[in-house]
Amino acid sequence: EVPLSPLEFMRRARCLYADREAVVDDGRRASYAEFLTRCDRWSAALQQLGVARGDRVAYIAPNTMPQLESFYAVPQIGAVLVPINYRLAHEEFAYLIAHSGARVVCADPAYLDAVDAIRRQIPGGGHCVPLGGARGGWLDYEALLRGAPPEPSRPEIGERDLLTINYTSGTTSRPKGVMITHRNAWMNAVGTLVHVHMTPAERYLWTLPMFHANGWTFVWIVTAIGGTHVCLRRVEPARVFDAIRRERITMLCAAPTVLIALAHAPEEVRRDAPPGIRVLTAGAPPAAATIEAIEQDL
């Protein structure tokens, strides 16, 4: 019996789609072979830092390649990923890191000051890793990758093992940590593919935050079908429409508020958007006028 885990999508993509383009991130491109090799090396690097089965690793980052790598590198060594909403305040970062028990905090360069401000509150004086660039007192992500073994030690993963802890917004008291197992993620990913037809030709634009319910599990779905992840650091109409045209996007996910922003972007921004792009939305019913406007553009 094979445990139901999105890690199976990683294995499958490596076998079937090694030469296909896996990730585009601000001009940087990687095939599935290159992308998954980086994931393996980061897994090994985490183990060298002392991360073991059941340990928590927190991430504070927008939609970038290192953030996407976390959804494979952390779980495959039996550790638990904690993707944090990067829009929160310093004190909220501190609470979520402490509550989850994260021993390692990986942060995009834009959030290093915020993490520095609450470093003393990281359990056990854990490690801090900037996901790009270098800073005194921090480890270096790319240097750790280069110096790590090509293969991590792979523990046996059970499908009911904890995969991620995703925090709610805290609108009714403190945020709650939602515990997602490997089986949870696999079932949601495959269930989505039952209803949404996708092929290896898919070029998926990351307009939905990866931290938000694991990007509605599209962090694994796109890999499962051998499509291309097109990362987008900032979701602004001009950037979205530029990426749609430049990267030949076929699909994106977005909450209604993002769709409203896209529908009401200036005409010169929306001009020449290619037709036929599929949009998946959830979270609240989008206004009928917004749907009509989006349909006219896409």
# chains A, B, ... in the order shown; residues from 1 in each chain; ligands from 1
call {"tool": "select_by_dssp", "arguments": {"residues": "range 135-245 of chain A", "states": "strand (DSSP E)", "output": "compact mmCIF listing (two decimals) with N, CA, C and O atoms, in the first residue's frame"}}
result
# COMPACT_ATOMS: atom_id res chain seq x y z
N LEU A 162 1.08 14.60 10.09
CA LEU A 162 0.82 16.02 9.91
C LEU A 162 1.71 16.56 8.79
O LEU A 162 2.91 16.30 8.75
N LEU A 163 1.11 17.33 7.89
CA LEU A 163 1.80 17.91 6.74
C LEU A 163 2.03 19.41 6.92
O LEU A 163 3.15 19.90 6.79
N THR A 164 0.95 20.14 7.21
CA THR A 164 1.06 21.59 7.41
C THR A 164 0.16 22.02 8.57
O THR A 164 -0.79 21.33 8.94
N ILE A 165 0.50 23.20 9.12
CA ILE A 165 -0.40 23.89 10.05
C ILE A 165 -0.71 25.23 9.42
O ILE A 165 0.20 26.04 9.19
N ASN A 166 -1.96 25.44 9.09
CA ASN A 166 -2.40 26.68 8.44
C ASN A 166 -3.27 27.47 9.41
O ASN A 166 -4.24 26.92 9.95
N TYR A 167 -2.94 28.72 9.60
CA TYR A 167 -3.63 29.53 10.60
C TYR A 167 -4.78 30.33 10.00
O TYR A 167 -4.66 30.90 8.91
N GLY A 177 -4.80 27.13 14.60
CA GLY A 177 -3.96 26.35 13.70
C GLY A 177 -4.71 25.15 13.17
O GLY A 177 -5.09 24.25 13.93
N VAL A 178 -4.95 25.13 11.87
CA VAL A 178 -5.66 24.02 11.23
C VAL A 178 -4.63 22.98 10.80
O VAL A 178 -3.71 23.27 10.03
N MET A 179 -4.78 21.77 11.30
CA MET A 179 -3.80 20.72 11.04
C MET A 179 -4.19 19.89 9.82
O MET A 179 -5.23 19.22 9.80
N ILE A 180 -3.37 19.95 8.78
CA ILE A 180 -3.63 19.26 7.52
C ILE A 180 -2.69 18.06 7.42
O ILE A 180 -1.47 18.20 7.57
N THR A 181 -3.26 16.88 7.18
CA THR A 181 -2.44 15.68 7.03
C THR A 181 -2.09 15.46 5.56
O THR A 181 -2.65 16.09 4.65
N ARG A 203 -0.39 26.51 -17.66
CA ARG A 203 0.56 27.51 -17.13
C ARG A 203 -0.23 28.32 -16.10
O ARG A 203 -1.05 29.17 -16.44
N TYR A 204 0.04 28.02 -14.84
CA TYR A 204 -0.76 28.51 -13.72
C TYR A 204 -0.11 29.74 -13.10
O TYR A 204 1.06 29.70 -12.68
N LEU A 205 -0.86 30.83 -13.01
CA LEU A 205 -0.35 32.07 -12.42
C LEU A 205 -0.71 32.13 -10.94
O LEU A 205 -1.88 32.02 -10.56
N THR A 228 3.12 24.31 -15.32
CA THR A 228 4.14 25.29 -14.95
C THR A 228 3.60 26.26 -13.91
O THR A 228 2.54 26.86 -14.10
N HIS A 229 4.33 26.39 -12.79
CA HIS A 229 4.02 27.37 -11.76
C HIS A 229 4.65 28.71 -12.17
O HIS A 229 5.87 28.79 -12.31
N VAL A 230 3.84 29.74 -12.35
CA VAL A 230 4.37 31.07 -12.64
C VAL A 230 4.16 31.92 -11.39
O VAL A 230 3.03 32.27 -11.05
call {"tool": "residues_around", "arguments": {"residues": "Ala238 in chain A", "least_positions_apart": "2", "cutoff": "8 Å", "atoms": "only C-alpha atoms", "output": "list of chain:residue names"}}
result
A:Glu236, A:Val240, A:Phe241, A:Asp242, A:Ala265, A:Val269, A:Arg270
call {"tool": "atom_distance", "arguments": {"atom1": "CA of Ala30 in chain A", "atom2": "CA of Gly227 in chain A"}}
result
12.3 Å
call {"tool": "residues_around", "arguments": {"residues": "Arg160 in chain A", "least_positions_apart": "4", "cutoff": "12 Å", "atoms": "only C-alpha atoms", "output": "PyMOL selection string"}}
result
chain A and resi 3-5+78+156+164+179-187
call {"tool": "write_last_selection", "arguments": {"atoms": "C-alpha atoms", "output": "PDB file, in the first residue's frame"}}
result
ATOM      1  CA  PRO A   3       0.355   6.258   1.605  1.00  0.00           C
ATOM      2  CA  LEU A   4      -1.816   8.988   0.101  1.00  0.00           C
ATOM      3  CA  SER A   5       0.502  11.995   0.104  1.00  0.00           C
ATOM      4  CA  GLY A  78       8.631  14.243   8.119  1.00  0.00           C
ATOM      5  CA  GLU A 156       8.735   6.627   6.295  1.00  0.00           C
ATOM      6  CA  THR A 164       1.057  21.590   7.410  1.00  0.00           C
ATOM      7  CA  MET A 179      -3.798  20.718  11.044  1.00  0.00           C
ATOM      8  CA  ILE A 180      -3.633  19.258   7.524  1.00  0.00           C
ATOM      9  CA  THR A 181      -2.440  15.680   7.031  1.00  0.00           C
ATOM     10  CA  HIS A 182      -0.805  14.174   3.950  1.00  0.00           C
ATOM     11  CA  ARG A 183      -4.067  12.368   3.233  1.00  0.00           C
ATOM     12  CA  ASN A 184      -6.079  15.606   3.555  1.00  0.00           C
ATOM     13  CA  ALA A 185      -3.901  17.334   0.966  1.00  0.00           C
ATOM     14  CA  TRP A 186      -3.848  14.379  -1.453  1.00  0.00           C
ATOM     15  CA  MET A 187      -7.633  13.976  -1.328  1.00  0.00           C
TER      16      MET A 187
END
call {"tool": "closest_atom_pairs", "arguments": {"of": "range 124-237 of chain A", "to": "range 33-56 of chain A", "cutoff": "9 Å", "atoms": "only C-alpha atoms", "output": "Markdown table"}}
result
| residue | atom | partner | partner_atom | distance |
| --- | --- | --- | --- | --- |
| A:His127 | CA | A:Leu49 | CA | 7.9 |
| A:Tyr141 | CA | A:Trp42 | CA | 8.4 |
| A:Leu144 | CA | A:Ala45 | CA | 6.0 |
| A:Leu145 | CA | A:Arg41 | CA | 5.6 |
| A:Arg146 | CA | A:Arg41 | CA | 7.7 |
| A:Gly147 | CA | A:Ala45 | CA | 7.8 |
| A:Ala148 | CA | A:Ala45 | CA | 5.1 |
| A:Pro149 | CA | A:Ala44 | CA | 6.0 |
| A:Pro150 | CA | A:Arg41 | CA | 5.2 |
| A:Glu151 | CA | A:Asp40 | CA | 5.6 |
| A:Pro152 | CA | A:Ala44 | CA | 4.2 |
| A:Ser153 | CA | A:Ala44 | CA | 7.1 |
| A:Pro155 | CA | A:Arg53 | CA | 7.8 |
| A:Asp161 | CA | A:Gly54 | CA | 8.7 |
| A:Leu162 | CA | A:Gly54 | CA | 7.7 |
| A:Thr164 | CA | A:Arg56 | CA | 8.7 |
| A:Ile165 | CA | A:Arg56 | CA | 8.7 |
call {"tool": "write_last_selection", "arguments": {"atoms": "C-alpha atoms", "output": "compact mmCIF listing (two decimals), in the first residue's frame"}}
result
# COMPACT_ATOMS: atom_id res chain seq x y z
CA HIS A 127 17.50 29.14 13.18
CA TYR A 141 19.58 29.86 1.94
CA LEU A 144 23.04 26.04 2.51
CA LEU A 145 21.55 24.55 -0.67
CA ARG A 146 24.91 24.44 -2.43
CA GLY A 147 26.60 22.84 0.57
CA ALA A 148 23.94 20.23 1.28
CA PRO A 149 24.02 16.58 0.13
CA PRO A 150 21.98 15.89 -3.02
CA GLU A 151 19.69 13.50 -1.13
CA PRO A 152 18.10 13.80 2.32
CA SER A 153 17.51 10.93 4.68
CA PRO A 155 11.84 8.69 6.83
CA ASP A 161 1.05 12.27 9.48
CA LEU A 162 0.82 16.02 9.91
CA THR A 164 1.06 21.59 7.41
CA ILE A 165 -0.40 23.89 10.05
call {"tool": "residues_around", "arguments": {"residues": "Cys253 in chain A", "least_positions_apart": "2", "cutoff": "9 Å", "atoms": "only C-alpha atoms", "output": "JSON list (two decimals) with all heavy atoms, in the first residue's frame"}}
result
[["chain", "number", "residue", "atom", "x", "y", "z"],
["A", 204, "TYR", "N", 0.04, 28.02, -14.84],
["A", 204, "TYR", "CA", -0.76, 28.51, -13.72],
["A", 204, "TYR", "C", -0.11, 29.74, -13.10],
["A", 204, "TYR", "O", 1.06, 29.70, -12.68],
["A", 204, "TYR", "CB", -0.90, 27.39, -12.69],
["A", 204, "TYR", "CG", -1.69, 27.78, -11.46],
["A", 204, "TYR", "CD1", -3.08, 27.65, -11.44],
["A", 204, "TYR", "CD2", -1.05, 28.26, -10.32],
["A", 204, "TYR", "CE1", -3.80, 28.00, -10.31],
["A", 204, "TYR", "CE2", -1.77, 28.61, -9.19],
["A", 204, "TYR", "CZ", -3.13, 28.48, -9.19],
["A", 204, "TYR", "OH", -3.85, 28.84, -8.08],
["A", 205, "LEU", "N", -0.86, 30.83, -13.01],
["A", 205, "LEU", "CA", -0.35, 32.07, -12.42],
["A", 205, "LEU", "C", -0.71, 32.13, -10.94],
["A", 205, "LEU", "O", -1.88, 32.02, -10.56],
["A", 205, "LEU", "CB", -0.94, 33.29, -13.15],
["A", 205, "LEU", "CG", -0.44, 34.65, -12.65],
["A", 205, "LEU", "CD1", 1.07, 34.79, -12.84],
["A", 205, "LEU", "CD2", -1.17, 35.78, -13.37],
["A", 206, "TRP", "N", 0.32, 32.38, -10.10],
["A", 206, "TRP", "CA", 0.13, 32.40, -8.66],
["A", 206, "TRP", "C", -0.38, 33.76, -8.18],
["A", 206, "TRP", "O", 0.36, 34.55, -7.60],
["A", 206, "TRP", "CB", 1.40, 31.99, -7.94],
["A", 206, "TRP", "CG", 1.49, 30.50, -7.80],
["A", 206, "TRP", "CD1", 2.26, 29.64, -8.49],
["A", 206, "TRP", "CD2", 0.70, 29.71, -6.90],
["A", 206, "TRP", "NE1", 2.02, 28.34, -8.09],
["A", 206, "TRP", "CE2", 1.07, 28.36, -7.11],
["A", 206, "TRP", "CE3", -0.28, 30.00, -5.94],
["A", 206, "TRP", "CZ2", 0.50, 27.31, -6.40],
["A", 206, "TRP", "CZ3", -0.85, 28.97, -5.24],
["A", 206, "TRP", "CH2", -0.47, 27.64, -5.46],
["A", 207, "THR", "N", -1.68, 34.00, -8.41],
["A", 207, "THR", "CA", -2.34, 35.20, -7.87],
["A", 207, "THR", "C", -2.93, 34.92, -6.49],
["A", 207, "THR", "O", -3.20, 35.85, -5.73],
["A", 207, "THR", "CB", -3.47, 35.65, -8.81],
["A", 207, "THR", "OG1", -4.26, 34.51, -9.19],
["A", 207, "THR", "CG2", -2.90, 36.28, -10.07],
["A", 208, "LEU", "N", -3.12, 33.66, -6.15],
["A", 208, "LEU", "CA", -3.61, 33.28, -4.82],
["A", 208, "LEU", "C", -2.40, 33.04, -3.91],
["A", 208, "LEU", "O", -1.46, 32.37, -4.31],
["A", 208, "LEU", "CB", -4.44, 32.00, -4.92],
["A", 208, "LEU", "CG", -5.06, 31.49, -3.61],
["A", 208, "LEU", "CD1", -6.26, 32.32, -3.24],
["A", 208, "LEU", "CD2", -5.42, 30.01, -3.73],
["A", 215, "GLY", "N", -2.44, 27.41, -0.83],
["A", 215, "GLY", "CA", -2.79, 27.80, -2.20],
["A", 215, "GLY", "C", -3.91, 26.96, -2.76],
["A", 215, "GLY", "O", -3.94, 26.65, -3.95],
["A", 216, "TRP", "N", -4.89, 26.63, -1.86],
["A", 216, "TRP", "CA", -6.01, 25.75, -2.23],
["A", 216, "TRP", "C", -5.48, 24.42, -2.80],
["A", 216, "TRP", "O", -6.09, 23.81, -3.68],
["A", 216, "TRP", "CB", -6.96, 26.42, -3.22],
["A", 216, "TRP", "CG", -7.64, 27.65, -2.71],
["A", 216, "TRP", "CD1", -7.67, 28.11, -1.43],
["A", 216, "TRP", "CD2", -8.39, 28.60, -3.47],
["A", 216, "TRP", "NE1", -8.38, 29.29, -1.34],
["A", 216, "TRP", "CE2", -8.84, 29.61, -2.57],
["A", 216, "TRP", "CE3", -8.72, 28.71, -4.83],
["A", 216, "TRP", "CZ2", -9.60, 30.71, -2.98],
["A", 216, "TRP", "CZ3", -9.47, 29.79, -5.23],
["A", 216, "TRP", "CH2", -9.91, 30.78, -4.33],
["A", 218, "PHE", "N", -3.10, 23.99, -4.81],
["A", 218, "PHE", "CA", -2.53, 24.08, -6.16],
["A", 218, "PHE", "C", -1.00, 24.04, -6.13],
["A", 218, "PHE", "O", -0.38, 23.83, -7.17],
["A", 218, "PHE", "CB", -3.04, 25.33, -6.89],
["A", 218, "PHE", "CG", -4.36, 25.11, -7.57],
["A", 218, "PHE", "CD1", -5.55, 25.21, -6.85],
["A", 218, "PHE", "CD2", -4.42, 24.76, -8.90],
["A", 218, "PHE", "CE1", -6.77, 24.99, -7.46],
["A", 218, "PHE", "CE2", -5.64, 24.53, -9.53],
["A", 218, "PHE", "CZ", -6.82, 24.64, -8.82],
["A", 251, "MET", "N", -4.49, 29.59, -16.55],
["A", 251, "MET", "CA", -5.37, 29.43, -15.38],
["A", 251, "MET", "C", -4.83, 30.22, -14.21],
["A", 251, "MET", "O", -3.62, 30.42, -14.06],
["A", 251, "MET", "CB", -5.47, 27.95, -15.00],
["A", 251, "MET", "CG", -6.30, 27.67, -13.75],
["A", 251, "MET", "SD", -6.31, 25.91, -13.28],
["A", 251, "MET", "CE", -7.36, 25.26, -14.57],
["A", 255, "ALA", "N", -9.47, 35.20, -5.04],
["A", 255, "ALA", "CA", -10.65, 35.56, -4.24],
["A", 255, "ALA", "C", -11.39, 36.69, -4.96],
["A", 255, "ALA", "O", -10.81, 37.41, -5.78],
["A", 255, "ALA", "CB", -10.21, 36.01, -2.85],
["A", 278, "ARG", "N", -8.88, 30.37, -17.69],
["A", 278, "ARG", "CA", -9.83, 29.88, -16.69],
["A", 278, "ARG", "C", -9.53, 30.48, -15.33],
["A", 278, "ARG", "O", -8.36, 30.56, -14.92],
["A", 278, "ARG", "CB", -9.79, 28.35, -16.61],
["A", 278, "ARG", "CG", -10.33, 27.69, -17.88],
["A", 278, "ARG", "CD", -10.43, 26.20, -17.70],
["A", 278, "ARG", "NE", -9.11, 25.59, -17.59],
["A", 278, "ARG", "CZ", -8.93, 24.32, -17.23],
["A", 278, "ARG", "NH1", -9.96, 23.55, -16.92],
["A", 278, "ARG", "NH2", -7.71, 23.82, -17.17],
["A", 279, "VAL", "N", -10.58, 30.91, -14.65],
["A", 279, "VAL", "CA", -10.44, 31.54, -13.34],
["A", 279, "VAL", "C", -11.26, 30.76, -12.33],
["A", 279, "VAL", "O", -12.46, 30.54, -12.52],
["A", 279, "VAL", "CB", -10.91, 33.01, -13.38],
["A", 279, "VAL", "CG1", -10.82, 33.63, -11.99],
["A", 279, "VAL", "CG2", -10.09, 33.81, -14.37],
["A", 280, "LEU", "N", -10.61, 30.32, -11.24],
["A", 280, "LEU", "CA", -11.31, 29.66, -10.15],
["A", 280, "LEU", "C", -11.38, 30.62, -8.98],
["A", 280, "LEU", "O", -10.37, 31.24, -8.62],
["A", 280, "LEU", "CB", -10.57, 28.39, -9.72],
["A", 280, "LEU", "CG", -10.80, 27.13, -10.57],
["A", 280, "LEU", "CD1", -10.18, 27.28, -11.94],
["A", 280, "LEU", "CD2", -10.22, 25.90, -9.87],
["A", 281, "THR", "N", -12.56, 30.78, -8.40],
["A", 281, "THR", "CA", -12.72, 31.71, -7.29],
["A", 281, "THR", "C", -13.47, 31.04, -6.15],
["A", 281, "THR", "O", -14.23, 30.10, -6.36],
["A", 281, "THR", "CB", -13.43, 32.99, -7.75],
["A", 281, "THR", "OG1", -13.40, 33.96, -6.68],
["A", 281, "THR", "CG2", -14.88, 32.72, -8.14],
["A", 282, "ALA", "N", -13.26, 31.54, -4.95],
["A", 282, "ALA", "CA", -13.92, 31.02, -3.76],
["A", 282, "ALA", "C", -13.74, 32.03, -2.64],
["A", 282, "ALA", "O", -13.00, 33.01, -2.78],
["A", 282, "ALA", "CB", -13.33, 29.67, -3.35]]
call {"tool": "select_by_dssp", "arguments": {"residues": "range 93-298 of chain A", "states": "helix (DSSP H, G or I)", "output": "ChimeraX atom specification"}}
result
/A:93-100,109-117,119-121,123-125,141-147,182-195,213-216,218-224,237-246,256-263,267-270,288-297
call {"tool": "atom_distance", "arguments": {"atom1": "CA of Ile221 in chain A", "atom2": "CA of Pro6 in chain A"}}
result
8.5 Å
call {"tool": "residues_around", "arguments": {"residues": "Tyr95 in chain A", "least_positions_apart": "5", "cutoff": "9 Å", "atoms": "only C-alpha atoms", "output": "PyMOL selection string"}}
result
chain A and resi 90+100+121
call {"tool": "write_last_selection", "arguments": {"atoms": "C-alpha atoms", "output": "PDB file, in the first residue's frame"}}
result
ATOM      1  CA  HIS A  90       5.365  41.645  14.072  1.00  0.00           C
ATOM      2  CA  SER A 100       3.220  26.369  16.236  1.00  0.00           C
ATOM      3  CA  GLN A 121      10.574  34.663  20.881  1.00  0.00           C
TER       4      GLN A 121
END
call {"tool": "atom_distance", "arguments": {"atom1": "CA of Phe93 in chain A", "atom2": "CA of Met210 in chain A"}}
result
16.7 Å
call {"tool": "decode", "arguments": {"residues": "range 237-262 of chain A", "atoms": "N, CA, C and O atoms", "output": "PDB file, in the first residue's frame"}}
result
ATOM      1  N   PRO A 237      -2.982  44.569 -10.616  1.00  0.00           N
ATOM      2  CA  PRO A 237      -3.535  44.364 -11.963  1.00  0.00           C
ATOM      3  C   PRO A 237      -2.513  44.472 -13.084  1.00  0.00           C
ATOM      4  O   PRO A 237      -2.485  43.624 -13.991  1.00  0.00           O
ATOM      5  N   ALA A 238      -1.656  45.479 -13.055  1.00  0.00           N
ATOM      6  CA  ALA A 238      -0.676  45.640 -14.135  1.00  0.00           C
ATOM      7  C   ALA A 238       0.259  44.440 -14.204  1.00  0.00           C
ATOM      8  O   ALA A 238       0.585  43.941 -15.294  1.00  0.00           O
ATOM      9  N   ARG A 239       0.709  43.957 -13.030  1.00  0.00           N
ATOM     10  CA  ARG A 239       1.601  42.794 -12.992  1.00  0.00           C
ATOM     11  C   ARG A 239       0.876  41.533 -13.459  1.00  0.00           C
ATOM     12  O   ARG A 239       1.453  40.691 -14.146  1.00  0.00           O
ATOM     13  N   VAL A 240      -0.385  41.395 -13.052  1.00  0.00           N
ATOM     14  CA  VAL A 240      -1.157  40.202 -13.428  1.00  0.00           C
ATOM     15  C   VAL A 240      -1.342  40.142 -14.942  1.00  0.00           C
ATOM     16  O   VAL A 240      -1.050  39.116 -15.580  1.00  0.00           O
ATOM     17  N   PHE A 241      -1.813  41.239 -15.530  1.00  0.00           N
ATOM     18  CA  PHE A 241      -2.068  41.222 -16.976  1.00  0.00           C
ATOM     19  C   PHE A 241      -0.772  41.115 -17.772  1.00  0.00           C
ATOM     20  O   PHE A 241      -0.739  40.485 -18.832  1.00  0.00           O
ATOM     21  N   ASP A 242       0.310  41.694 -17.271  1.00  0.00           N
ATOM     22  CA  ASP A 242       1.602  41.553 -17.947  1.00  0.00           C
ATOM     23  C   ASP A 242       2.048  40.096 -17.937  1.00  0.00           C
ATOM     24  O   ASP A 242       2.508  39.568 -18.959  1.00  0.00           O
ATOM     25  N   ALA A 243       1.908  39.437 -16.784  1.00  0.00           N
ATOM     26  CA  ALA A 243       2.298  38.023 -16.685  1.00  0.00           C
ATOM     27  C   ALA A 243       1.412  37.151 -17.567  1.00  0.00           C
ATOM     28  O   ALA A 243       1.901  36.206 -18.203  1.00  0.00           O
ATOM     29  N   ILE A 244       0.130  37.465 -17.611  1.00  0.00           N
ATOM     30  CA  ILE A 244      -0.801  36.698 -18.448  1.00  0.00           C
ATOM     31  C   ILE A 244      -0.343  36.725 -19.904  1.00  0.00           C
ATOM     32  O   ILE A 244      -0.303  35.685 -20.581  1.00  0.00           O
ATOM     33  N   ARG A 245       0.026  37.903 -20.379  1.00  0.00           N
ATOM     34  CA  ARG A 245       0.449  38.023 -21.774  1.00  0.00           C
ATOM     35  C   ARG A 245       1.831  37.414 -22.005  1.00  0.00           C
ATOM     36  O   ARG A 245       2.048  36.654 -22.954  1.00  0.00           O
ATOM     37  N   ARG A 246       2.765  37.746 -21.139  1.00  0.00           N
ATOM     38  CA  ARG A 246       4.167  37.350 -21.339  1.00  0.00           C
ATOM     39  C   ARG A 246       4.377  35.853 -21.167  1.00  0.00           C
ATOM     40  O   ARG A 246       5.167  35.239 -21.896  1.00  0.00           O
ATOM     41  N   GLU A 247       3.683  35.233 -20.185  1.00  0.00           N
ATOM     42  CA  GLU A 247       3.910  33.821 -19.863  1.00  0.00           C
ATOM     43  C   GLU A 247       2.830  32.892 -20.404  1.00  0.00           C
ATOM     44  O   GLU A 247       2.804  31.714 -20.071  1.00  0.00           O
ATOM     45  N   ARG A 248       1.937  33.424 -21.224  1.00  0.00           N
ATOM     46  CA  ARG A 248       0.895  32.604 -21.864  1.00  0.00           C
ATOM     47  C   ARG A 248       0.085  31.828 -20.817  1.00  0.00           C
ATOM     48  O   ARG A 248      -0.099  30.611 -20.915  1.00  0.00           O
ATOM     49  N   ILE A 249      -0.391  32.542 -19.807  1.00  0.00           N
ATOM     50  CA  ILE A 249      -1.109  31.927 -18.693  1.00  0.00           C
ATOM     51  C   ILE A 249      -2.420  31.304 -19.172  1.00  0.00           C
ATOM     52  O   ILE A 249      -3.134  31.870 -20.011  1.00  0.00           O
ATOM     53  N   THR A 250      -2.742  30.133 -18.608  1.00  0.00           N
ATOM     54  CA  THR A 250      -3.989  29.449 -18.956  1.00  0.00           C
ATOM     55  C   THR A 250      -4.979  29.405 -17.796  1.00  0.00           C
ATOM     56  O   THR A 250      -6.167  29.163 -18.011  1.00  0.00           O
ATOM     57  N   MET A 251      -4.491  29.588 -16.545  1.00  0.00           N
ATOM     58  CA  MET A 251      -5.370  29.426 -15.384  1.00  0.00           C
ATOM     59  C   MET A 251      -4.834  30.222 -14.206  1.00  0.00           C
ATOM     60  O   MET A 251      -3.622  30.418 -14.063  1.00  0.00           O
ATOM     61  N   LEU A 252      -5.765  30.700 -13.382  1.00  0.00           N
ATOM     62  CA  LEU A 252      -5.384  31.329 -12.122  1.00  0.00           C
ATOM     63  C   LEU A 252      -6.514  31.160 -11.120  1.00  0.00           C
ATOM     64  O   LEU A 252      -7.662  30.903 -11.494  1.00  0.00           O
ATOM     65  N   CYS A 253      -6.182  31.278  -9.838  1.00  0.00           N
ATOM     66  CA  CYS A 253      -7.170  31.270  -8.768  1.00  0.00           C
ATOM     67  C   CYS A 253      -7.140  32.633  -8.084  1.00  0.00           C
ATOM     68  O   CYS A 253      -6.065  33.248  -7.967  1.00  0.00           O
ATOM     69  N   ALA A 254      -8.304  33.091  -7.638  1.00  0.00           N
ATOM     70  CA  ALA A 254      -8.337  34.405  -6.994  1.00  0.00           C
ATOM     71  C   ALA A 254      -9.603  34.547  -6.175  1.00  0.00           C
ATOM     72  O   ALA A 254     -10.673  34.074  -6.576  1.00  0.00           O
ATOM     73  N   ALA A 255      -9.470  35.202  -5.036  1.00  0.00           N
ATOM     74  CA  ALA A 255     -10.650  35.561  -4.244  1.00  0.00           C
ATOM     75  C   ALA A 255     -11.393  36.691  -4.959  1.00  0.00           C
ATOM     76  O   ALA A 255     -10.811  37.407  -5.782  1.00  0.00           O
ATOM     77  N   PRO A 256     -12.687  36.868  -4.667  1.00  0.00           N
ATOM     78  CA  PRO A 256     -13.470  37.914  -5.347  1.00  0.00           C
ATOM     79  C   PRO A 256     -12.855  39.304  -5.293  1.00  0.00           C
ATOM     80  O   PRO A 256     -12.959  40.070  -6.253  1.00  0.00           O
ATOM     81  N   THR A 257     -12.201  39.659  -4.185  1.00  0.00           N
ATOM     82  CA  THR A 257     -11.625  41.001  -4.097  1.00  0.00           C
ATOM     83  C   THR A 257     -10.542  41.215  -5.148  1.00  0.00           C
ATOM     84  O   THR A 257     -10.390  42.321  -5.683  1.00  0.00           O
ATOM     85  N   VAL A 258      -9.782  40.155  -5.474  1.00  0.00           N
ATOM     86  CA  VAL A 258      -8.775  40.264  -6.524  1.00  0.00           C
ATOM     87  C   VAL A 258      -9.441  40.370  -7.885  1.00  0.00           C
ATOM     88  O   VAL A 258      -9.020  41.158  -8.746  1.00  0.00           O
ATOM     89  N   LEU A 259     -10.512  39.611  -8.089  1.00  0.00           N
ATOM     90  CA  LEU A 259     -11.231  39.684  -9.357  1.00  0.00           C
ATOM     91  C   LEU A 259     -11.810  41.083  -9.575  1.00  0.00           C
ATOM     92  O   LEU A 259     -11.819  41.592 -10.702  1.00  0.00           O
ATOM     93  N   ILE A 260     -12.293  41.696  -8.510  1.00  0.00           N
ATOM     94  CA  ILE A 260     -12.830  43.055  -8.617  1.00  0.00           C
ATOM     95  C   ILE A 260     -11.733  44.019  -9.069  1.00  0.00           C
ATOM     96  O   ILE A 260     -11.945  44.874  -9.942  1.00  0.00           O
ATOM     97  N   ALA A 261     -10.534  43.862  -8.480  1.00  0.00           N
ATOM     98  CA  ALA A 261      -9.414  44.727  -8.859  1.00  0.00           C
ATOM     99  C   ALA A 261      -9.035  44.522 -10.323  1.00  0.00           C
ATOM    100  O   ALA A 261      -8.755  45.493 -11.046  1.00  0.00           O
ATOM    101  N   LEU A 262      -9.043  43.276 -10.794  1.00  0.00           N
ATOM    102  CA  LEU A 262      -8.715  43.004 -12.183  1.00  0.00           C
ATOM    103  C   LEU A 262      -9.778  43.554 -13.129  1.00  0.00           C
ATOM    104  O   LEU A 262      -9.467  44.140 -14.170  1.00  0.00           O
TER     105      LEU A 262
END
